[in-house]
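Peer 1: The structure's right below; bear with me while I get my questions together.
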Amino acid sequence: MQKTGRLLAALALSGVLLASGLMAQAAPAPQPGSKGLELEVTEMNLEITEEDPRPRAYLYTGSGSDYYFIVWMSSNPTVATVDGDGKVTGRSAGTATITAISDRGDRAACKVTVTKESAGGEAKKPALDQSSLSLALKYDDLHPTKQLKLINNDHSFIYVYQWLSSNPEVATVDENGLVTAQGTGGATITALASNGQAVRCTVTVTSDIGRVTLNKNDLLFKTVGSKETLTASVALESGGSVPITWVSSNPGVATVDPNGVVTAVADGEAKITALSPEGRFDTCSVLVGIAAEKYASEEDLADELKLPDPYVAVRLNRLS
């Protein structure tokens with residue numbers, strides 16, 4: 001009987017407040033021994049910008065709050081309004097107090113400060129500490145992880161209330177921003193911030209499982225007839241070996257035998273490829289005779305090969 005009377009009184013309070021234009025938020029039944037009404041934050045900052053003229057953020061009640069429903073109200077709706085879900089919307093520069101009232105009459109408040117973007121305001125917006133991530137699957141680490149964090153350059157209290165992954169089969173993200181690789185490919189991690197902003201990080205996941213690696217990727221043969229042996233290692237779980245297929249792109253310049261022995265045949269350039277049964281490979285650039293004369297060492301050759309390939313650039317431009 002006492003519980004019924006309390007519920008009727010609460011509904012009466014709801015009716016009066018709703019008649020005044022306020023919104024109510026449904027809530028679960030109270031649990032014995034739970035605390036009164038609490039808000040997770042007591043201060044909030046919203047910024048009005050050209051891209052976001054109506055900044056939004058959510059107010060959440062503490063996990064121990066004891067209520068049937070909550071009524072939300074704003075002390076200054078011209079500055080900030082609030083709906084029945086606790087969503088605060090900035091309207092104009094100024095301050096307002098958002099108050100939550102439970103069916104028991106318990107109150108909790110949050111001070112909201114709304115500002116307009118000033119010169120250089122773009123740089124003050126929150127961002128993730130990394131805009132891109134690269135993760136590699138390994139036999140001893142099949143699901144590598146990386147932590148993402150929200151950075152507030154203006155030191156305001158803005159937090160991430162939800163993390164999302166565009167492709168959970170490639171990378172997942174938990175409620176704390178911990179990214180976990182699941183498979184090879186690409187994904188975008190999105191952090192939904194309490195100021196209404198969505199910030200993103202691109203994730204690329206590759207696999208080192210079965211990766212082929214040569215002991216050298218550059219060979220200089222100043223004289224025809226010179227020889228050198230290349231060795232190929234394959235990332236295997238057991239640390240064993242697999243058969244390697246050796247191929248020369250230009251046998252008229254350099255040949256390679258089944259054991260990886262490279263022999264300079266004539267002036268020119270060639271590429272030696274070590275191929276695994278799974279199709280993974282690595283290559284070595286070989287320069288012989290006159291082609292090798294302009295390089296003092298294999299390190300000089302390696303430095304030049306790091307420069308962008310002009311043929312690749314042309315090919316990409318034609319596709320664009």
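Simple scheme: letters A, B, ... for chains in structure tokens order, numbers from 1 for residues in each chain, numbers from 1 for ligands in the order shown.
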At a cut-off of 8 Å, using only C-alpha atoms, what residues contact Leu148 of chain A? Leave out same-chain residues fewer than 3 positions from it and give the result as a count of residues only.

Peer 2: 6

Peer 1: Could you pull out the residues in segment 55-218 of chain A that DSSP calls strand (DSSP E) from the backbone, as a PyMOL selection string?

Peer 2: chain A and resi 56-58+69-74+80-82+87-90+94-102+107-116+127-128+132-137+145-147+150-151+160-165+171-173+178-181+185-193+198-207+212-214+218

Peer 1: Have a look at atom CA of Ser165 of chain A and atom CA of Val199 of chain A and let me know their distance in Å, one decimal.

Peer 2: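 Separation of atom CA of Ser165 of chain A and atom CA of Val199 of chain A: 12.0 Å.
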
Peer 1: Suppose you want the space between atom CA of Asn259 of chain A and atom CA of Val212 of chain A; what is it in Å?

Peer 2: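 Computed distance, atom CA of Asn259 of chain A to atom CA of Val212 of chain A, equals 15.2 Å.
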
Peer 1: For each of A:Glu278, A:Asp52, A:Glu38, A:Asp300, take the minimum atom-to-atom distance to Val242 of chain A, counting only C-alpha atoms, then give the residue where this is smallest.

Peer 2: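 Looking only at the distances to Val242 of chain A, the closest residue turns out to be A:Glu278.
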
Peer 1: Mind giving me the straight-line distance from atom CA of Thr78 of chain A to atom CA of Arg91 of chain A in Å, one decimal?

Peer 2: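 Calculated distance between atom CA of Thr78 of chain A and atom CA of Arg91 of chain A is 6.0 Å.
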
Peer 1: May I have all residues of segment 89-287 of chain A that DSSP, computed from the backbone, assigns to helix (DSSP H, G or I), given as a list in words?

Peer 2: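 Put together, the selection reads Gly121, Glu122, Ala123 and Lys124 of chain A.
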
Peer 1: Excluding Pro258 of chain A and any residue of its chain fewer than 2 positions from it, enumerate the residues within 9 Å of it, using only C-alpha atoms, and give them as a PDB file with all heavy atoms, in the first residue's frame.

Peer 2:
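See out-v8.pdb below for the written result:
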```pdb
ATOM      1  N   ILE A 244      61.476 -23.250 -50.651  1.00  0.00           N
ATOM      2  CA  ILE A 244      61.449 -21.926 -51.267  1.00  0.00           C
ATOM      3  C   ILE A 244      61.715 -22.069 -52.770  1.00  0.00           C
ATOM      4  O   ILE A 244      62.637 -22.784 -53.180  1.00  0.00           O
ATOM      5  CB  ILE A 244      62.500 -20.998 -50.645  1.00  0.00           C
ATOM      6  CG1 ILE A 244      62.150 -20.688 -49.194  1.00  0.00           C
ATOM      7  CG2 ILE A 244      62.625 -19.698 -51.441  1.00  0.00           C
ATOM      8  CD1 ILE A 244      60.887 -19.861 -49.022  1.00  0.00           C
ATOM      9  N   THR A 245      60.910 -21.373 -53.554  1.00  0.00           N
ATOM     10  CA  THR A 245      61.130 -21.318 -54.996  1.00  0.00           C
ATOM     11  C   THR A 245      61.856 -20.018 -55.326  1.00  0.00           C
ATOM     12  O   THR A 245      61.401 -18.937 -54.944  1.00  0.00           O
ATOM     13  CB  THR A 245      59.800 -21.372 -55.759  1.00  0.00           C
ATOM     14  OG1 THR A 245      59.122 -22.591 -55.447  1.00  0.00           O
ATOM     15  CG2 THR A 245      60.031 -21.292 -57.266  1.00  0.00           C
ATOM     16  N   TRP A 246      63.003 -20.134 -56.012  1.00  0.00           N
ATOM     17  CA  TRP A 246      63.807 -18.966 -56.355  1.00  0.00           C
ATOM     18  C   TRP A 246      63.601 -18.622 -57.820  1.00  0.00           C
ATOM     19  O   TRP A 246      63.641 -19.492 -58.693  1.00  0.00           O
ATOM     20  CB  TRP A 246      65.291 -19.237 -56.100  1.00  0.00           C
ATOM     21  CG  TRP A 246      65.604 -19.459 -54.638  1.00  0.00           C
ATOM     22  CD1 TRP A 246      65.620 -20.652 -53.988  1.00  0.00           C
ATOM     23  CD2 TRP A 246      65.942 -18.463 -53.680  1.00  0.00           C
ATOM     24  NE1 TRP A 246      65.954 -20.476 -52.666  1.00  0.00           N
ATOM     25  CE2 TRP A 246      66.157 -19.117 -52.444  1.00  0.00           C
ATOM     26  CE3 TRP A 246      66.088 -17.081 -53.726  1.00  0.00           C
ATOM     27  CZ2 TRP A 246      66.514 -18.459 -51.280  1.00  0.00           C
ATOM     28  CZ3 TRP A 246      66.449 -16.405 -52.570  1.00  0.00           C
ATOM     29  CH2 TRP A 246      66.650 -17.087 -51.363  1.00  0.00           C
ATOM     30  N   VAL A 247      63.381 -17.328 -58.101  1.00  0.00           N
ATOM     31  CA  VAL A 247      63.110 -16.883 -59.466  1.00  0.00           C
ATOM     32  C   VAL A 247      63.906 -15.616 -59.751  1.00  0.00           C
ATOM     33  O   VAL A 247      63.982 -14.710 -58.910  1.00  0.00           O
ATOM     34  CB  VAL A 247      61.606 -16.597 -59.681  1.00  0.00           C
ATOM     35  CG1 VAL A 247      61.358 -16.124 -61.113  1.00  0.00           C
ATOM     36  CG2 VAL A 247      60.777 -17.827 -59.376  1.00  0.00           C
ATOM     37  N   VAL A 256      69.805 -17.513 -60.379  1.00  0.00           N
ATOM     38  CA  VAL A 256      69.728 -17.988 -59.002  1.00  0.00           C
ATOM     39  C   VAL A 256      69.405 -19.471 -59.032  1.00  0.00           C
ATOM     40  O   VAL A 256      68.563 -19.927 -59.817  1.00  0.00           O
ATOM     41  CB  VAL A 256      68.664 -17.210 -58.187  1.00  0.00           C
ATOM     42  CG1 VAL A 256      67.275 -17.357 -58.771  1.00  0.00           C
ATOM     43  CG2 VAL A 256      68.700 -17.618 -56.720  1.00  0.00           C
ATOM     44  N   GLY A 260      69.499 -20.635 -53.609  1.00  0.00           N
ATOM     45  CA  GLY A 260      69.575 -19.198 -53.387  1.00  0.00           C
ATOM     46  C   GLY A 260      70.900 -18.583 -53.772  1.00  0.00           C
ATOM     47  O   GLY A 260      71.166 -17.426 -53.418  1.00  0.00           O
ATOM     48  N   VAL A 261      71.746 -19.310 -54.512  1.00  0.00           N
ATOM     49  CA  VAL A 261      73.037 -18.767 -54.938  1.00  0.00           C
ATOM     50  C   VAL A 261      72.822 -17.905 -56.183  1.00  0.00           C
ATOM     51  O   VAL A 261      72.373 -18.396 -57.228  1.00  0.00           O
ATOM     52  CB  VAL A 261      74.044 -19.885 -55.233  1.00  0.00           C
ATOM     53  CG1 VAL A 261      75.374 -19.284 -55.718  1.00  0.00           C
ATOM     54  CG2 VAL A 261      74.265 -20.739 -53.998  1.00  0.00           C
TER      55      VAL A 261
END
```

Peer 1: Could you make a table, as a Markdown table, of the residues of segment 100-156 of chain A that have an atom within 9 Å of an atom of segment 184-197 of chain A, each with its nearest atom pair and distance in Å to one decimal, counting only C-alpha atoms, in chain and number order?

Peer 2:
```
| residue | atom | partner | partner_atom | distance |
| --- | --- | --- | --- | --- |
| A:Lys125 | CA | A:Gln197 | CA | 8.7 |
| A:Pro126 | CA | A:Gln197 | CA | 8.2 |
| A:Leu128 | CA | A:Ala191 | CA | 8.1 |
| A:Ser132 | CA | A:Thr188 | CA | 8.9 |
| A:Ala136 | CA | A:Thr184 | CA | 8.3 |
| A:Leu137 | CA | A:Thr184 | CA | 7.9 |
| A:Leu150 | CA | A:Ala191 | CA | 8.2 |
```

Peer 1: Let me see the file: selected residues, N, CA, C and O atoms, as a PDB file, in the first residue's frame.

Peer 2:
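The result, written out as out13.pdb:
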```
ATOM      1  N   LYS A 125      39.667  21.517 -30.622  1.00  0.00           N
ATOM      2  CA  LYS A 125      38.702  20.432 -30.566  1.00  0.00           C
ATOM      3  C   LYS A 125      39.376  19.145 -30.114  1.00  0.00           C
ATOM      4  O   LYS A 125      40.545  18.904 -30.407  1.00  0.00           O
ATOM      5  N   PRO A 126      38.646  18.299 -29.414  1.00  0.00           N
ATOM      6  CA  PRO A 126      39.237  17.034 -28.976  1.00  0.00           C
ATOM      7  C   PRO A 126      39.585  16.156 -30.170  1.00  0.00           C
ATOM      8  O   PRO A 126      38.945  16.231 -31.222  1.00  0.00           O
ATOM      9  N   LEU A 128      41.681  12.105 -31.183  1.00  0.00           N
ATOM     10  CA  LEU A 128      42.325  10.900 -30.686  1.00  0.00           C
ATOM     11  C   LEU A 128      43.837  11.074 -30.734  1.00  0.00           C
ATOM     12  O   LEU A 128      44.365  11.817 -31.561  1.00  0.00           O
ATOM     13  N   SER A 132      45.909   7.036 -37.054  1.00  0.00           N
ATOM     14  CA  SER A 132      46.035   5.778 -37.787  1.00  0.00           C
ATOM     15  C   SER A 132      46.833   4.779 -36.964  1.00  0.00           C
ATOM     16  O   SER A 132      47.713   5.157 -36.189  1.00  0.00           O
ATOM     17  N   ALA A 136      50.040  -5.978 -36.640  1.00  0.00           N
ATOM     18  CA  ALA A 136      50.469  -7.163 -37.382  1.00  0.00           C
ATOM     19  C   ALA A 136      50.184  -8.416 -36.571  1.00  0.00           C
ATOM     20  O   ALA A 136      50.552  -8.506 -35.388  1.00  0.00           O
ATOM     21  N   LEU A 137      49.511  -9.388 -37.201  1.00  0.00           N
ATOM     22  CA  LEU A 137      49.237 -10.666 -36.553  1.00  0.00           C
ATOM     23  C   LEU A 137      50.512 -11.506 -36.552  1.00  0.00           C
ATOM     24  O   LEU A 137      51.210 -11.589 -37.561  1.00  0.00           O
ATOM     25  N   LEU A 150      41.354   9.854 -25.949  1.00  0.00           N
ATOM     26  CA  LEU A 150      40.851  11.149 -26.393  1.00  0.00           C
ATOM     27  C   LEU A 150      41.687  12.242 -25.749  1.00  0.00           C
ATOM     28  O   LEU A 150      41.891  12.253 -24.537  1.00  0.00           O
TER      29      LEU A 150
END
```

Peer 1: Name all residues at most 8 Å from segment 81-84 of chain A (count only C-alpha atoms; drop same-chain ones fewer than 2 positions away) and give them as number ranges by chain.

Peer 2: A: 22-25, 70-74, 76-79, 86-91, 98

Peer 1: Write out as number ranges by chain the residues lying within 8 Å of Val114 of chain A, counting only C-alpha atoms and excluding same-chain residues fewer than 5 positions away.

Peer 2: A: 45-48, 79-80, 90-95

Peer 1: With N, CA, C and O atoms retained, write the just-selected residues as a PDB file, in the first residue's frame.

Peer 2:
```
ATOM      1  N   ASN A  45      31.102  21.574 -20.835  1.00  0.00           N
ATOM      2  CA  ASN A  45      31.408  22.661 -21.757  1.00  0.00           C
ATOM      3  C   ASN A  45      30.997  22.273 -23.169  1.00  0.00           C
ATOM      4  O   ASN A  45      31.359  21.187 -23.642  1.00  0.00           O
ATOM      5  N   LEU A  46      30.245  23.142 -23.843  1.00  0.00           N
ATOM      6  CA  LEU A  46      29.845  22.937 -25.226  1.00  0.00           C
ATOM      7  C   LEU A  46      30.324  24.126 -26.047  1.00  0.00           C
ATOM      8  O   LEU A  46      30.290  25.263 -25.571  1.00  0.00           O
ATOM      9  N   GLU A  47      30.751  23.853 -27.293  1.00  0.00           N
ATOM     10  CA  GLU A  47      31.238  24.932 -28.146  1.00  0.00           C
ATOM     11  C   GLU A  47      30.436  24.980 -29.444  1.00  0.00           C
ATOM     12  O   GLU A  47      30.280  23.966 -30.130  1.00  0.00           O
ATOM     13  N   ILE A  48      29.911  26.153 -29.770  1.00  0.00           N
ATOM     14  CA  ILE A  48      29.173  26.366 -31.006  1.00  0.00           C
ATOM     15  C   ILE A  48      30.167  26.729 -32.108  1.00  0.00           C
ATOM     16  O   ILE A  48      30.957  27.660 -31.957  1.00  0.00           O
ATOM     17  N   VAL A  79      20.137  29.270 -23.549  1.00  0.00           N
ATOM     18  CA  VAL A  79      21.544  28.875 -23.599  1.00  0.00           C
ATOM     19  C   VAL A  79      21.677  27.375 -23.857  1.00  0.00           C
ATOM     20  O   VAL A  79      22.429  26.936 -24.724  1.00  0.00           O
ATOM     21  N   ALA A  80      20.948  26.567 -23.095  1.00  0.00           N
ATOM     22  CA  ALA A  80      21.025  25.111 -23.245  1.00  0.00           C
ATOM     23  C   ALA A  80      19.689  24.487 -22.877  1.00  0.00           C
ATOM     24  O   ALA A  80      19.087  24.855 -21.868  1.00  0.00           O
ATOM     25  N   GLY A  90      23.370  22.830 -26.878  1.00  0.00           N
ATOM     26  CA  GLY A  90      23.777  24.225 -26.748  1.00  0.00           C
ATOM     27  C   GLY A  90      23.058  25.099 -27.761  1.00  0.00           C
ATOM     28  O   GLY A  90      22.961  24.746 -28.936  1.00  0.00           O
ATOM     29  N   ARG A  91      22.529  26.246 -27.297  1.00  0.00           N
ATOM     30  CA  ARG A  91      21.763  27.156 -28.167  1.00  0.00           C
ATOM     31  C   ARG A  91      22.480  28.478 -28.403  1.00  0.00           C
ATOM     32  O   ARG A  91      22.457  29.014 -29.497  1.00  0.00           O
ATOM     33  N   SER A  92      23.080  29.017 -27.366  1.00  0.00           N
ATOM     34  CA  SER A  92      23.790  30.290 -27.480  1.00  0.00           C
ATOM     35  C   SER A  92      24.812  30.383 -26.357  1.00  0.00           C
ATOM     36  O   SER A  92      24.766  29.607 -25.388  1.00  0.00           O
ATOM     37  N   ALA A  93      25.746  31.338 -26.488  1.00  0.00           N
ATOM     38  CA  ALA A  93      26.793  31.474 -25.488  1.00  0.00           C
ATOM     39  C   ALA A  93      26.209  31.895 -24.142  1.00  0.00           C
ATOM     40  O   ALA A  93      25.286  32.711 -24.071  1.00  0.00           O
ATOM     41  N   GLY A  94      26.728  31.317 -23.077  1.00  0.00           N
ATOM     42  CA  GLY A  94      26.251  31.639 -21.734  1.00  0.00           C
ATOM     43  C   GLY A  94      26.348  30.423 -20.836  1.00  0.00           C
ATOM     44  O   GLY A  94      27.017  29.439 -21.150  1.00  0.00           O
ATOM     45  N   THR A  95      25.684  30.493 -19.707  1.00  0.00           N
ATOM     46  CA  THR A  95      25.679  29.372 -18.757  1.00  0.00           C
ATOM     47  C   THR A  95      24.251  29.004 -18.394  1.00  0.00           C
ATOM     48  O   THR A  95      23.343  29.848 -18.416  1.00  0.00           O
TER      49      THR A  95
END
```

Peer 1: Determine the nearest neighbour of Gln162 of chain A from the options A:Ala198, A:Ala296, A:Ala302, A:Val265, counting only C-alpha atoms.

Peer 2: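 The answer is A:Ala198, which sits nearest to Gln162 of chain A.
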
Peer 1: Using only C-alpha atoms, can you tell me which of A:Val286, A:Ala254, A:Ala108, A:Leu59 comes closest to Gly36 of chain A?

Peer 2: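 The answer is A:Ala108, which sits nearest to Gly36 of chain A.
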
Peer 1: At a cut-off of 8 Å, using only C-alpha atoms, what residues contact Met44 of chain A? Leave out same-chain residues fewer than 2 positions from it and give the result as a list in words.

Peer 2: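 Surrounding residues, per the criterion: Val41, Thr42, Leu46, Cys110, Lys111, Val112, Thr113, Ser156, Phe157 and Ile158 of chain A.
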
Peer 1: For a quick check of understanding, using only C-alpha atoms, which of A:Leu164, A:Leu220, A:Ala274, A:Ala264 has the smallest distance to Pro243 of chain A?

Peer 2: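 Among A:Leu164, A:Leu220, A:Ala274, A:Ala264, it is A:Ala274 that comes nearest to Pro243 of chain A.
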
Peer 1: List as a VMD selection string the protein and nucleic acid residues near Ser248 of chain A, meaning an atom at most 7 Å away when only C-alpha atoms are counted, but skip any in the same chain fewer than 4 places from it.

Peer 2: chain A and resid 254 to 256 270 to 273

Peer 1: Taking into account only C-alpha atoms, which residue in the set A:Lys138, A:Arg200, A:Lys227, A:Lys216 is nearest to Ser285 of chain A?

Peer 2: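 Residue with the minimum atom-to-atom distance to Ser285 of chain A: A:Lys216.
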
Peer 1: Between A:Leu230, A:Leu39, A:Leu133, A:Ile209, which residue has the minimum interatomic distance to Lys146 of chain A, considering only C-alpha atoms?

Peer 2: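 Going through A:Leu230, A:Leu39, A:Leu133, A:Ile209 one by one, the smallest distance to Lys146 of chain A is for A:Leu133.
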